[in-house]
file final-v1.cif (mmCIF, C-alpha atoms and all ligand atoms)
data_data
loop_
_atom_site.label_atom_id
_atom_site.label_comp_id
_atom_site.auth_asym_id
_atom_site.auth_seq_id
_atom_site.Cartn_x
_atom_site.Cartn_y
_atom_site.Cartn_z
CA MET V 230 90.19 -33.09 -82.42
CA LYS V 231 89.59 -33.80 -78.76
CA PHE V 232 92.29 -34.15 -76.12
CA ASN V 233 91.06 -37.71 -75.84
CA ASP V 234 92.30 -38.42 -79.40
CA ILE V 235 95.86 -37.62 -78.39
CA ILE V 236 98.30 -40.38 -77.52
CA GLY V 237 99.49 -39.88 -73.95
CA GLN V 238 100.77 -36.41 -72.93
CA LYS V 239 98.30 -36.25 -70.03
CA PRO V 240 100.34 -33.87 -67.82
CA ILE V 241 100.68 -31.35 -70.67
CA ILE V 242 96.97 -31.57 -71.43
CA SER V 243 95.93 -31.08 -67.84
CA ASN V 244 98.12 -27.98 -67.55
CA LEU V 245 96.48 -26.53 -70.66
CA VAL V 246 93.02 -27.30 -69.31
CA ARG V 247 93.91 -25.66 -66.02
CA SER V 248 95.09 -22.51 -67.80
CA VAL V 249 91.65 -22.22 -69.44
CA LYS V 250 89.79 -22.78 -66.17
CA GLU V 251 91.93 -20.21 -64.39
CA GLU V 252 91.55 -17.78 -67.31
CA ARG V 253 95.27 -17.36 -67.76
CA VAL V 254 95.71 -18.56 -71.32
CA SER V 255 98.84 -16.91 -72.64
CA HIS V 256 98.22 -15.26 -76.04
CA ALA V 257 101.36 -16.70 -77.63
CA GLN V 258 102.63 -20.18 -76.92
CA ILE V 259 105.26 -22.45 -78.43
CA PHE V 260 104.72 -26.19 -78.33
CA ALA V 261 108.17 -27.57 -78.97
CA GLY V 262 109.35 -31.14 -79.13
CA PRO V 263 110.62 -33.92 -81.36
CA GLU V 264 108.59 -35.34 -84.25
CA GLY V 265 105.96 -37.97 -83.58
CA THR V 266 104.99 -36.66 -80.14
CA GLY V 267 101.65 -35.06 -81.06
CA LYS V 268 102.46 -31.32 -80.83
CA LEU V 269 100.17 -30.34 -83.68
CA SER V 270 97.30 -32.45 -82.31
CA ILE V 271 97.71 -30.81 -78.92
CA ALA V 272 97.57 -27.32 -80.47
CA ILE V 273 94.42 -28.13 -82.47
CA ALA V 274 92.71 -29.84 -79.53
CA PHE V 275 93.59 -26.89 -77.28
CA ALA V 276 92.07 -24.38 -79.70
CA GLN V 277 88.99 -26.58 -80.03
CA TYR V 278 88.67 -26.79 -76.24
CA ILE V 279 88.84 -23.03 -75.84
CA SER V 280 86.22 -22.53 -78.52
CA CYS V 281 83.87 -25.37 -77.45
CA GLU V 282 80.39 -24.22 -76.42
CA ASN V 283 79.90 -27.07 -74.04
CA ARG V 284 83.29 -28.06 -72.72
CA SER V 285 83.65 -30.36 -69.75
CA ASP V 286 86.25 -30.25 -67.02
CA ASN V 287 88.78 -32.07 -69.13
CA ASP V 288 87.81 -32.06 -72.81
CA SER V 289 85.81 -30.40 -75.55
CA CYS V 290 82.39 -31.90 -76.26
CA GLY V 291 83.17 -32.88 -79.87
CA VAL V 292 79.59 -32.29 -81.05
CA CYS V 293 78.63 -28.63 -80.59
CA PRO V 294 78.59 -26.48 -83.77
CA SER V 295 82.05 -25.10 -82.95
CA CYS V 296 83.55 -28.57 -82.33
CA ALA V 297 81.92 -29.91 -85.50
CA LYS V 298 83.74 -27.23 -87.51
CA PHE V 299 86.99 -27.80 -85.66
CA GLU V 300 86.82 -31.51 -86.39
CA LYS V 301 86.89 -30.66 -90.10
CA LEU V 302 89.35 -27.78 -89.59
CA ILE V 303 86.87 -25.42 -91.24
CA HIS V 304 86.09 -23.16 -88.30
CA PRO V 305 86.27 -19.54 -89.55
CA ASP V 306 88.29 -18.46 -86.50
CA LEU V 307 90.90 -21.16 -86.91
CA HIS V 308 93.84 -20.31 -89.17
CA PHE V 309 96.88 -22.30 -90.21
CA VAL V 310 100.29 -21.36 -91.49
CA PHE V 311 102.73 -24.07 -92.58
CA PRO V 312 105.70 -24.55 -94.92
CA VAL V 313 104.90 -24.85 -98.61
CA PHE V 314 106.96 -24.81 -101.79
CA LYS V 315 106.95 -22.56 -104.82
CA LYS V 316 107.12 -24.62 -108.02
CA GLY V 317 108.87 -23.21 -111.08
CA LYS V 318 107.47 -19.86 -112.10
CA ALA V 319 104.52 -19.95 -109.75
CA GLY V 320 103.75 -16.54 -108.23
CA GLU V 321 103.76 -16.07 -104.49
CA VAL V 322 102.67 -19.16 -102.62
CA ILE V 323 101.01 -19.16 -99.21
CA SER V 324 99.50 -21.75 -96.91
CA SER V 325 95.91 -21.09 -97.87
CA HIS V 326 96.62 -22.32 -101.43
CA PHE V 327 97.19 -25.74 -99.89
CA ILE V 328 94.52 -25.74 -97.21
CA ASP V 329 92.48 -28.59 -98.74
CA LYS V 330 95.54 -30.87 -98.83
CA TRP V 331 96.36 -29.79 -95.28
CA ARG V 332 92.89 -30.76 -94.05
CA GLU V 333 93.21 -34.11 -95.81
CA MET V 334 96.62 -34.70 -94.27
CA VAL V 335 95.48 -33.95 -90.72
CA ALA V 336 92.36 -36.09 -91.25
CA GLU V 337 94.51 -39.04 -92.38
CA SER V 338 96.58 -38.69 -89.21
CA PRO V 339 97.66 -35.57 -87.35
CA TYR V 340 100.99 -37.26 -86.66
CA PHE V 341 103.23 -36.44 -89.63
CA ASN V 342 106.52 -34.70 -90.30
CA LEU V 343 107.73 -32.19 -92.86
CA ASN V 344 108.79 -34.90 -95.34
CA ARG V 345 105.37 -36.50 -95.28
CA TRP V 346 103.73 -33.13 -95.77
CA LEU V 347 105.96 -32.17 -98.72
CA LYS V 348 105.24 -35.54 -100.28
CA LYS V 349 101.53 -34.83 -99.87
CA ILE V 350 101.88 -31.61 -101.88
CA ASP V 351 104.10 -33.35 -104.48
CA VAL V 352 107.37 -31.56 -103.71
CA GLU V 353 109.05 -34.24 -101.64
CA ASN V 354 112.60 -33.40 -102.66
CA GLU V 355 112.30 -29.69 -101.97
CA GLN V 356 112.71 -27.46 -98.94
CA GLY V 357 109.43 -26.34 -97.44
CA LEU V 358 109.27 -22.67 -96.48
CA ILE V 359 106.94 -20.12 -94.99
CA TYR V 360 107.46 -17.39 -97.58
CA ALA V 361 107.56 -13.64 -97.09
CA ALA V 362 104.13 -13.29 -98.72
CA GLU V 363 102.62 -15.16 -95.78
CA ALA V 364 103.08 -12.21 -93.41
CA ASN V 365 100.43 -10.05 -95.11
CA GLU V 366 98.06 -12.98 -95.13
CA ILE V 367 98.48 -13.42 -91.40
CA ILE V 368 97.86 -9.73 -90.82
CA LYS V 369 94.77 -9.82 -93.04
CA LYS V 370 93.33 -12.87 -91.32
CA LEU V 371 93.89 -11.51 -87.83
CA ALA V 372 92.46 -8.11 -88.69
CA LEU V 373 89.10 -9.81 -89.23
CA LYS V 374 86.65 -9.75 -86.39
CA THR V 375 86.03 -13.13 -84.85
CA TYR V 376 83.13 -14.81 -86.54
CA GLU V 377 81.86 -17.25 -84.00
CA SER V 378 84.28 -17.71 -81.10
CA ASP V 379 85.77 -15.49 -78.47
CA TYR V 380 89.19 -16.20 -79.92
CA LYS V 381 90.89 -16.29 -83.28
CA THR V 382 93.54 -18.96 -83.28
CA MET V 383 96.56 -18.90 -85.57
CA ILE V 384 98.42 -22.19 -85.54
CA ILE V 385 101.87 -21.88 -87.10
CA TRP V 386 103.39 -25.26 -87.85
CA LEU V 387 107.20 -25.22 -87.99
CA PRO V 388 107.81 -21.48 -87.48
CA GLU V 389 111.53 -22.25 -87.84
CA LYS V 390 110.89 -22.47 -91.61
CA MET V 391 109.76 -18.87 -91.72
CA HIS V 392 111.32 -16.23 -93.99
CA HIS V 393 113.06 -13.61 -91.79
CA SER V 394 110.79 -10.79 -92.95
CA THR V 395 107.72 -12.86 -92.02
CA ALA V 396 109.29 -13.62 -88.66
CA ASN V 397 109.86 -9.91 -88.03
CA LYS V 398 106.27 -9.04 -88.87
CA LEU V 399 105.07 -11.90 -86.70
CA LEU V 400 107.17 -10.53 -83.86
CA LYS V 401 105.31 -7.21 -84.12
CA MET V 402 101.98 -9.02 -84.04
CA ILE V 403 102.99 -10.98 -80.98
CA GLU V 404 104.21 -7.81 -79.27
CA GLU V 405 100.98 -5.98 -79.99
CA PRO V 406 98.50 -8.73 -80.58
CA PRO V 407 95.19 -8.00 -82.26
CA ASP V 408 92.36 -8.37 -79.78
CA LYS V 409 91.42 -11.89 -78.70
CA THR V 410 94.07 -13.63 -80.71
CA LEU V 411 95.87 -16.79 -79.80
CA PHE V 412 99.15 -17.72 -81.47
CA LEU V 413 100.14 -21.37 -81.17
CA LEU V 414 103.56 -22.10 -82.64
CA VAL V 415 104.36 -25.78 -83.16
CA SER V 416 108.08 -26.30 -83.49
CA GLU V 417 110.61 -29.08 -83.89
CA GLU V 418 113.68 -26.85 -83.90
CA PRO V 419 112.88 -23.98 -81.53
CA GLU V 420 116.56 -22.96 -81.47
CA LEU V 421 116.05 -21.66 -85.03
CA ILE V 422 113.20 -19.32 -84.06
CA LEU V 423 114.05 -15.62 -83.57
CA PRO V 424 115.07 -15.22 -79.92
CA THR V 425 112.88 -12.11 -79.71
CA ILE V 426 109.85 -14.23 -80.65
CA MET V 427 110.87 -16.96 -78.24
CA SER V 428 111.14 -14.55 -75.35
CA ARG V 429 107.59 -13.29 -75.90
CA CYS V 430 105.98 -16.70 -76.04
CA GLN V 431 105.16 -19.13 -73.30
CA PHE V 432 107.40 -22.11 -73.97
CA ILE V 433 105.89 -25.57 -73.54
CA ARG V 434 108.20 -28.52 -73.99
CA ILE V 435 106.35 -31.52 -75.43
CA PRO V 436 108.14 -34.67 -74.26
CA LEU V 437 108.42 -38.08 -75.94
CA ILE V 438 105.29 -40.19 -75.55
CA ASN V 439 105.75 -42.58 -72.65
CA THR V 440 106.07 -46.24 -73.58
CA LYS V 441 102.96 -47.35 -71.74
CA ASP V 442 100.73 -44.87 -73.59
CA LEU V 443 102.39 -45.65 -76.90
CA THR V 444 101.92 -49.40 -76.35
CA THR V 445 98.21 -48.98 -75.62
CA ALA V 446 97.72 -46.75 -78.67
CA ILE V 447 99.50 -49.15 -81.05
CA SER V 448 97.73 -52.15 -79.67
CA VAL V 449 94.29 -50.52 -80.14
CA LYS V 450 94.89 -48.78 -83.48
CA PHE V 451 96.59 -51.74 -85.15
CA ASP V 452 94.71 -54.48 -83.34
CA MET V 453 97.99 -55.93 -82.13
CA PRO V 454 98.67 -58.21 -79.14
CA GLY V 455 100.08 -56.37 -76.11
CA PRO V 456 103.61 -57.88 -76.01
CA LYS V 457 104.25 -57.18 -79.69
CA ALA V 458 102.91 -53.62 -79.34
CA LYS V 459 105.21 -53.14 -76.34
CA ASP V 460 108.21 -54.33 -78.35
CA ILE V 461 107.46 -51.80 -81.08
CA ALA V 462 106.79 -49.00 -78.60
CA ASN V 463 110.12 -49.71 -76.92
CA SER V 464 112.05 -49.49 -80.18
CA ALA V 465 110.12 -46.39 -81.30
CA ASN V 466 111.34 -44.51 -78.25
CA GLY V 467 108.35 -42.23 -77.71
CA ASN V 468 107.89 -41.38 -81.38
CA TYR V 469 104.54 -42.46 -82.80
CA LEU V 470 105.65 -41.89 -86.41
CA LYS V 471 108.57 -44.23 -85.90
CA ALA V 472 106.26 -46.84 -84.37
CA VAL V 473 104.01 -46.70 -87.44
CA SER V 474 106.95 -47.07 -89.81
CA PHE V 475 108.15 -50.13 -87.85
CA ILE V 476 104.69 -51.67 -88.18
CA ILE V 477 104.58 -51.04 -91.93
CA GLU V 478 108.06 -52.49 -92.34
CA ASP V 479 107.03 -55.57 -90.40
CA GLU V 480 103.92 -56.00 -92.55
CA SER V 481 105.91 -55.70 -95.74
CA ARG V 482 108.38 -58.31 -94.44
CA SER V 483 105.53 -60.75 -93.77
CA ALA V 484 104.09 -60.11 -97.23
CA ASN V 485 107.52 -60.73 -98.80
CA LEU V 486 107.95 -63.97 -96.88
CA LYS V 487 104.60 -65.22 -98.11
CA ARG V 488 105.55 -64.38 -101.69
CA PHE V 489 108.93 -66.06 -101.32
CA ILE V 490 107.43 -69.24 -99.84
CA ASP V 491 104.79 -69.36 -102.60
CA LEU V 492 107.41 -69.00 -105.30
CA MET V 493 109.64 -71.71 -103.85
CA ARG V 494 106.77 -74.11 -103.23
CA LEU V 495 105.27 -73.66 -106.70
CA SER V 496 108.70 -74.01 -108.30
CA TRP V 497 109.33 -77.23 -106.39
CA LEU V 498 105.97 -78.56 -107.60
CA ARG V 499 106.69 -77.27 -111.13
CA ASN V 500 103.22 -75.78 -111.20
CA ILE V 501 103.61 -73.55 -114.26
CA PRO V 502 100.05 -72.12 -114.40
CA ALA V 503 100.26 -71.09 -110.72
CA ILE V 504 103.74 -69.64 -111.26
CA SER V 505 102.43 -67.60 -114.13
CA GLU V 506 99.65 -66.29 -111.88
CA TRP V 507 102.25 -65.53 -109.18
CA SER V 508 104.27 -63.47 -111.69
CA GLU V 509 101.21 -61.52 -112.74
CA GLU V 510 100.38 -60.74 -109.14
CA ILE V 511 103.77 -59.32 -108.29
CA ALA V 512 103.96 -57.54 -111.65
CA ALA V 513 100.79 -55.66 -110.66
CA THR V 514 102.49 -54.10 -107.60
CA GLY V 515 104.76 -51.04 -107.70
CA ARG V 516 108.45 -51.15 -108.63
CA GLU V 517 109.55 -50.28 -105.09
CA VAL V 518 107.57 -53.23 -103.72
CA GLN V 519 109.10 -55.50 -106.37
CA LYS V 520 112.64 -54.35 -105.61
CA ARG V 521 112.10 -54.86 -101.87
CA PHE V 522 110.86 -58.39 -102.55
CA LEU V 523 113.95 -59.22 -104.61
CA THR V 524 116.32 -57.86 -101.95
CA PHE V 525 114.40 -59.77 -99.29
CA SER V 526 114.65 -62.97 -101.35
CA LEU V 527 118.40 -62.57 -101.74
CA GLU V 528 118.69 -62.32 -97.94
CA GLN V 529 116.59 -65.45 -97.49
CA LEU V 530 118.65 -67.42 -100.00
CA ARG V 531 121.86 -66.41 -98.28
CA GLU V 532 120.58 -67.29 -94.81
CA ASN V 533 119.24 -70.64 -96.01
CA TYR V 534 122.53 -71.49 -97.66
CA MET V 535 124.45 -70.59 -94.49
CA LEU V 536 122.12 -72.87 -92.57
CA ASN V 537 122.62 -75.68 -95.08
CA ILE V 538 126.40 -75.59 -94.77
CA GLY V 539 126.22 -75.24 -91.01
CA MET V 540 127.51 -71.69 -90.88
CA ALA V 541 124.41 -69.99 -89.45
CA ASP V 542 124.44 -69.18 -85.77
CA LYS V 543 121.83 -70.53 -83.39
CA ASN V 544 119.47 -67.64 -84.08
CA LEU V 545 119.54 -68.31 -87.80
CA GLY V 546 121.21 -65.01 -88.52
CA PHE V 547 118.70 -62.28 -89.18
CA LEU V 548 115.63 -64.42 -89.71
CA SER V 549 112.33 -63.73 -87.95
CA ASP V 550 110.53 -66.63 -86.24
CA LYS V 551 108.34 -67.33 -89.26
CA GLU V 552 111.25 -67.09 -91.66
CA ALA V 553 113.27 -69.48 -89.49
CA GLU V 554 110.36 -71.91 -89.38
CA PHE V 555 110.24 -72.07 -93.18
CA ALA V 556 114.03 -72.34 -93.38
CA THR V 557 114.10 -75.44 -91.17
CA ASN V 558 113.17 -77.66 -94.11
CA PHE V 559 113.81 -75.34 -97.02
CA ASN V 560 117.54 -74.91 -96.32
CA SER V 561 118.27 -78.40 -97.63
CA VAL V 562 117.23 -77.20 -101.10
CA ILE V 563 119.77 -74.35 -101.24
CA ASN V 564 123.23 -75.79 -101.75
CA LYS V 565 126.72 -75.14 -103.04
CA LYS V 566 125.65 -75.89 -106.61
CA ASN V 567 122.60 -73.68 -106.93
CA ILE V 568 123.18 -70.75 -104.55
CA ALA V 569 125.23 -68.65 -106.99
CA PRO V 570 122.98 -69.09 -110.07
CA LEU V 571 119.86 -68.58 -107.92
CA ALA V 572 121.23 -65.37 -106.41
CA ASP V 573 122.19 -64.33 -109.91
CA GLN V 574 118.57 -64.71 -111.09
CA PHE V 575 117.24 -62.45 -108.31
CA SER V 576 120.00 -59.87 -108.78
CA LYS V 577 119.41 -59.72 -112.53
CA ALA V 578 115.68 -59.28 -111.99
CA HIS V 579 116.46 -56.41 -109.59
CA ILE V 580 118.62 -54.71 -112.24
CA HIS V 581 115.95 -55.13 -114.93
CA ILE V 582 113.15 -53.89 -112.69
CA SER V 583 115.24 -50.85 -111.72
CA ALA V 584 115.73 -50.17 -115.43
CA ASN V 585 111.93 -50.14 -115.90
CA GLY V 586 111.77 -53.45 -117.75
CA ASN V 587 108.49 -55.31 -118.25
CA ALA V 588 107.78 -56.74 -114.78
CA LYS V 589 105.55 -59.58 -116.00
CA ILE V 590 108.24 -60.93 -118.31
CA ILE V 591 111.05 -60.40 -115.81
CA PHE V 592 109.31 -62.26 -112.99
CA LEU V 593 108.04 -65.10 -115.16
CA ASP V 594 111.48 -65.59 -116.66
CA MET V 595 113.08 -65.52 -113.23
CA ALA V 596 110.55 -68.01 -111.80
CA ILE V 597 111.11 -70.49 -114.65
CA ASN V 598 114.83 -70.39 -113.99
CA VAL V 599 114.18 -70.94 -110.28
CA ILE V 600 112.27 -74.14 -111.19
CA LYS V 601 115.30 -75.44 -113.05
CA LEU V 602 117.68 -74.51 -110.26
CA ILE V 603 115.97 -75.86 -107.16
CA ARG V 604 115.49 -79.43 -108.35
ZN ZN E 1 82.09 -28.50 -78.31
#
call {"tool": "encode", "arguments": {"input": "final-v1.cif", "output": "structure tokens"}}
result
Amino acid sequence: MKFNDIIGQKPIISNLVRSVKEERVSHAQIFAGPEGTGKLSIAIAFAQYISCENRSDNDSCGVCPSCAKFEKLIHPDLHFVFPVFKKGKAGEVISSHFIDKWREMVAESPYFNLNRWLKKIDVENEQGLIYAAEANEIIKKLALKTYESDYKTMIIWLPEKMHHSTANKLLKMIEEPPDKTLFLLVSEEPELILPTIMSRCQFIRIPLINTKDLTTAISVKFDMPGPKAKDIANSANGNYLKAVSFIIEDESRSANLKRFIDLMRLSWLRNIPAISEWSEEIAATGREVQKRFLTFSLEQLRENYMLNIGMADKNLGFLSDKEAEFATNFNSVINKKNIAPLADQFSKAHIHISANGNAKIIFLDMAINVIKLIR
């Protein structure tokens, strides 16, 4: 990972680069800040920069043998420690048991939080921990001579999740560091780290990503027009993860609207073969997607009814521009007589889907009742 791959954070990066140039890289540093700000990326890019065989004034080269290994997180002098979870009667668990998943996760996007990581290792409802057994692993890894670089780098992601005995052993290592070792601690809750560790590390506060940088990144990565990207960046408040979740939410809303319009149009036309195809399509998606569609449809029905009886405000309640556009004509179809039985159809489908019923039958049945109700 190059510094150039990081969203914003230019002042932090230039300070790190300067510390390398002036040969005053502190052997233990804490990068602390809220989620979605790129702390982990900065730590990896920093280690890559230090190890690069052909670094420029402001970034690693990205192509030398060292960079090539860093890009895949397989450099023998780069070590990771992160929270994991012990399942059932599993023996001692340590980070290296999960290193392949970790590499995959970072390759997908280095911006993730603990929940996303625990989901990745299939323990999403558990507490991730850095177990006591990790301490000996760290000692073992750092006792090795460096293979290829001047430095061994140990990146500890979320040191606040560390077992106290591991934290105490880590403290000793930071006090008397093995030769040429760099500890980079990446923390979201630095107040939970042992104060004795904190006091021996250089503390670097990673701020929220500024809106301008976040806007540019969103607009490029998601191929989105500037004003829309700016809107999202503003609401995400410097958190890239939040920005991404807003974008996904928005996409799922558009997909739901399309489905809703298709269903209503086909029902109006009484096009049974196409309705049957529509049911098969939605039945092929996941239950969560299906439930979201049904909830979305209930909202649309309610807003259209309010519009029909003249109760909606000027902004058409909660509707987006595209939803409002469809509602302009569609609202005349949703009236006092059919609103309750229509809503009932969608609610019943939601209950049956939640109870793991057969989605194909549930949606086809619902659609046929919609045909009867809207004309
Ligand atoms: Zn390089």
call {"tool": "residues_near_ligand", "arguments": {"input": "final-v1.cif", "ligand": "ligand ZN 1 (chain E)", "cutoff": "10 Å", "atoms": "all atoms listed in the file", "output": "PyMOL selection string"}}
result
chain V and resi 231+277-285+288-300
call {"tool": "closest_residue", "arguments": {"input": "final-v1.cif", "among": "V:Leu530, V:Ala569, V:Ala556, V:Leu593", "to": "Trp507 (chain V)", "atoms": "all atoms listed in the file"}}
result
V:Leu593
call {"tool": "atom_distance", "arguments": {"input": "final-v1.cif", "atom1": "CA of Arg604 (chain V)", "atom2": "CA of Asn567 (chain V)"}}
result
9.3 Å
call {"tool": "atom_distance", "arguments": {"input": "final-v1.cif", "atom1": "CA of Arg482 (chain V)", "atom2": "CA of Phe575 (chain V)"}}
result
17.0 Å
call {"tool": "atom_distance", "arguments": {"input": "final-v1.cif", "atom1": "CA of Thr524 (chain V)", "atom2": "CA of Gln574 (chain V)"}}
result
11.6 Å
call {"tool": "closest_atom_pairs", "arguments": {"input": "final-v1.cif", "of": "region 355-450 of chain V", "to": "region 243-266 of chain V", "cutoff": "12 Å", "atoms": "only C-alpha atoms", "output": "tab-separated table"}}
result
residue	atom	partner	partner_atom	distance
V:Tyr380	CA	V:His256	CA	9.9
V:Lys381	CA	V:His256	CA	10.4
V:Thr382	CA	V:His256	CA	9.4
V:Met383	CA	V:Ala257	CA	9.5
V:Ile384	CA	V:Gln258	CA	9.8
V:Ile385	CA	V:Ile259	CA	9.3
V:Trp386	CA	V:Phe260	CA	9.7
V:Leu387	CA	V:Ala261	CA	9.4
V:Pro388	CA	V:Ile259	CA	9.5
V:Glu389	CA	V:Ala261	CA	10.9
V:Leu399	CA	V:Ala257	CA	10.9
V:Leu400	CA	V:Ala257	CA	10.5
V:Met402	CA	V:Ala257	CA	10.0
V:Ile403	CA	V:Ala257	CA	6.8
V:Glu404	CA	V:Ala257	CA	9.5
V:Glu405	CA	V:His256	CA	10.5
V:Pro406	CA	V:His256	CA	8.0
V:Pro407	CA	V:His256	CA	10.0
V:Asp408	CA	V:His256	CA	9.8
V:Lys409	CA	V:His256	CA	8.0
V:Thr410	CA	V:His256	CA	6.5
V:Leu411	CA	V:His256	CA	4.7
V:Phe412	CA	V:Ala257	CA	4.5
V:Leu413	CA	V:Gln258	CA	5.1
V:Leu414	CA	V:Ile259	CA	4.6
V:Val415	CA	V:Phe260	CA	4.9
V:Ser416	CA	V:Ala261	CA	4.7
V:Glu417	CA	V:Gly262	CA	5.3
V:Glu418	CA	V:Ala261	CA	7.4
V:Pro419	CA	V:Ala261	CA	6.5
V:Glu420	CA	V:Ala261	CA	9.9
V:Leu421	CA	V:Ala261	CA	11.6
V:Ile422	CA	V:Ile259	CA	10.2
V:Ile426	CA	V:Ala257	CA	9.3
V:Met427	CA	V:Ile259	CA	7.9
V:Ser428	CA	V:Ala257	CA	10.3
V:Arg429	CA	V:Ala257	CA	7.3
V:Cys430	CA	V:Ala257	CA	4.9
V:Gln431	CA	V:Gln258	CA	4.5
V:Phe432	CA	V:Ile259	CA	5.0
V:Ile433	CA	V:Phe260	CA	5.0
V:Arg434	CA	V:Ala261	CA	5.1
V:Ile435	CA	V:Gly262	CA	4.8
V:Pro436	CA	V:Gly262	CA	6.1
V:Leu437	CA	V:Thr266	CA	5.6
V:Ile438	CA	V:Thr266	CA	5.8
V:Asn439	CA	V:Thr266	CA	9.6
V:Thr440	CA	V:Thr266	CA	11.7
V:Asp442	CA	V:Thr266	CA	11.3
V:Leu443	CA	V:Thr266	CA	9.9
call {"tool": "closest_atom_pairs", "arguments": {"input": "final-v1.cif", "of": "region 419-505 of chain V", "to": "region 328-350 of chain V", "cutoff": "10 Å", "atoms": "only C-alpha atoms", "output": "JSON lines"}}
result
{"residue": "V:Asn468", "atom": "CA", "partner": "V:Tyr340", "partner_atom": "CA", "distance": 9.6}
{"residue": "V:Tyr469", "atom": "CA", "partner": "V:Tyr340", "partner_atom": "CA", "distance": 7.4}
{"residue": "V:Leu470", "atom": "CA", "partner": "V:Tyr340", "partner_atom": "CA", "distance": 6.6}
{"residue": "V:Val473", "atom": "CA", "partner": "V:Tyr340", "partner_atom": "CA", "distance": 9.9}
call {"tool": "residues_around", "arguments": {"input": "final-v1.cif", "residues": "Thr444 (chain V)", "least_positions_apart": "6", "cutoff": "8 Å", "atoms": "all atoms listed in the file", "output": "ChimeraX atom specification"}}
result
/V:455,458-459,461-462
call {"tool": "residues_around", "arguments": {"input": "final-v1.cif", "residues": "Ala572 (chain V)", "least_positions_apart": "5", "cutoff": "12 Å", "atoms": "only C-alpha atoms", "output": "list in words"}}
result
Leu523, Thr524, Phe525, Ser526, Leu527, Glu528, Gln529, Leu530, Arg531, Glu532, Asn533, Tyr534, Ile563, Asn564, Lys565, Lys566, Asn567, Lys577, Ala578, His579, Met595, Asn598, Val599, Leu602 and Ile603 of chain V
call {"tool": "closest_residue", "arguments": {"input": "final-v1.cif", "among": "V:Val322, V:Ala513, V:Ala364, V:Ala553", "to": "Ile490 (chain V)", "atoms": "only C-alpha atoms"}}
result
V:Ala553
call {"tool": "axis_aligned_box", "arguments": {"input": "final-v1.cif", "around": "region 412-430 of chain V", "padding_each_side": "4 Å", "output": "JSON"}}
result
{"center_x": 107.9, "center_y": -20.6, "center_z": -80.2, "size_x": 25.4, "size_y": 25.0, "size_z": 17.7}
call {"tool": "residues_around", "arguments": {"input": "final-v1.cif", "residues": "region 319-321 of chain V", "least_positions_apart": "3", "cutoff": "9 Å", "atoms": "only C-alpha atoms", "output": "short mmCIF file (atom, residue, chain, number, x, y, z; two decimals) with C-alpha atoms, in the coordinates of the input"}}
result
data_model
loop_
_atom_site.label_atom_id
_atom_site.label_comp_id
_atom_site.auth_asym_id
_atom_site.auth_seq_id
_atom_site.Cartn_x
_atom_site.Cartn_y
_atom_site.Cartn_z
CA LYS V 315 106.95 -22.56 -104.82
CA LYS V 316 107.12 -24.62 -108.02
CA TYR V 360 107.46 -17.39 -97.58
CA ALA V 361 107.56 -13.64 -97.09
CA ALA V 362 104.13 -13.29 -98.72
CA GLU V 363 102.62 -15.16 -95.78
#
call {"tool": "build_atoms", "arguments": {"input": "final-v1.cif", "residues": "region 337-347 of chain V", "atoms": "N, CA and C atoms", "output": "PDB file, in the frame of the given file"}}
result
ATOM      1  N   GLU V 337      93.903 -37.703 -92.254  1.00  0.00           N
ATOM      2  CA  GLU V 337      94.510 -39.040 -92.380  1.00  0.00           C
ATOM      3  C   GLU V 337      95.161 -39.417 -91.056  1.00  0.00           C
ATOM      4  N   SER V 338      96.000 -38.540 -90.543  1.00  0.00           N
ATOM      5  CA  SER V 338      96.580 -38.690 -89.210  1.00  0.00           C
ATOM      6  C   SER V 338      97.304 -37.396 -88.880  1.00  0.00           C
ATOM      7  N   PRO V 339      96.998 -36.827 -87.703  1.00  0.00           N
ATOM      8  CA  PRO V 339      97.660 -35.570 -87.350  1.00  0.00           C
ATOM      9  C   PRO V 339      99.113 -35.761 -86.955  1.00  0.00           C
ATOM     10  N   TYR V 340      99.584 -37.019 -86.965  1.00  0.00           N
ATOM     11  CA  TYR V 340     100.990 -37.260 -86.660  1.00  0.00           C
ATOM     12  C   TYR V 340     101.734 -37.403 -87.994  1.00  0.00           C
ATOM     13  N   PHE V 341     102.433 -36.348 -88.400  1.00  0.00           N
ATOM     14  CA  PHE V 341     103.230 -36.440 -89.630  1.00  0.00           C
ATOM     15  C   PHE V 341     104.402 -35.473 -89.499  1.00  0.00           C
ATOM     16  N   ASN V 342     105.376 -35.619 -90.353  1.00  0.00           N
ATOM     17  CA  ASN V 342     106.520 -34.700 -90.300  1.00  0.00           C
ATOM     18  C   ASN V 342     106.608 -33.909 -91.610  1.00  0.00           C
ATOM     19  N   LEU V 343     107.615 -33.061 -91.694  1.00  0.00           N
ATOM     20  CA  LEU V 343     107.730 -32.190 -92.860  1.00  0.00           C
ATOM     21  C   LEU V 343     107.865 -32.990 -94.160  1.00  0.00           C
ATOM     22  N   ASN V 344     108.634 -34.081 -94.124  1.00  0.00           N
ATOM     23  CA  ASN V 344     108.790 -34.900 -95.340  1.00  0.00           C
ATOM     24  C   ASN V 344     107.462 -35.440 -95.832  1.00  0.00           C
ATOM     25  N   ARG V 345     106.674 -35.951 -94.892  1.00  0.00           N
ATOM     26  CA  ARG V 345     105.370 -36.500 -95.280  1.00  0.00           C
ATOM     27  C   ARG V 345     104.501 -35.409 -95.885  1.00  0.00           C
ATOM     28  N   TRP V 346     104.557 -34.232 -95.288  1.00  0.00           N
ATOM     29  CA  TRP V 346     103.730 -33.130 -95.770  1.00  0.00           C
ATOM     30  C   TRP V 346     104.174 -32.700 -97.181  1.00  0.00           C
ATOM     31  N   LEU V 347     105.486 -32.592 -97.397  1.00  0.00           N
ATOM     32  CA  LEU V 347     105.960 -32.170 -98.720  1.00  0.00           C
ATOM     33  C   LEU V 347     105.626 -33.214 -99.772  1.00  0.00           C
TER      34      LEU V 347
END
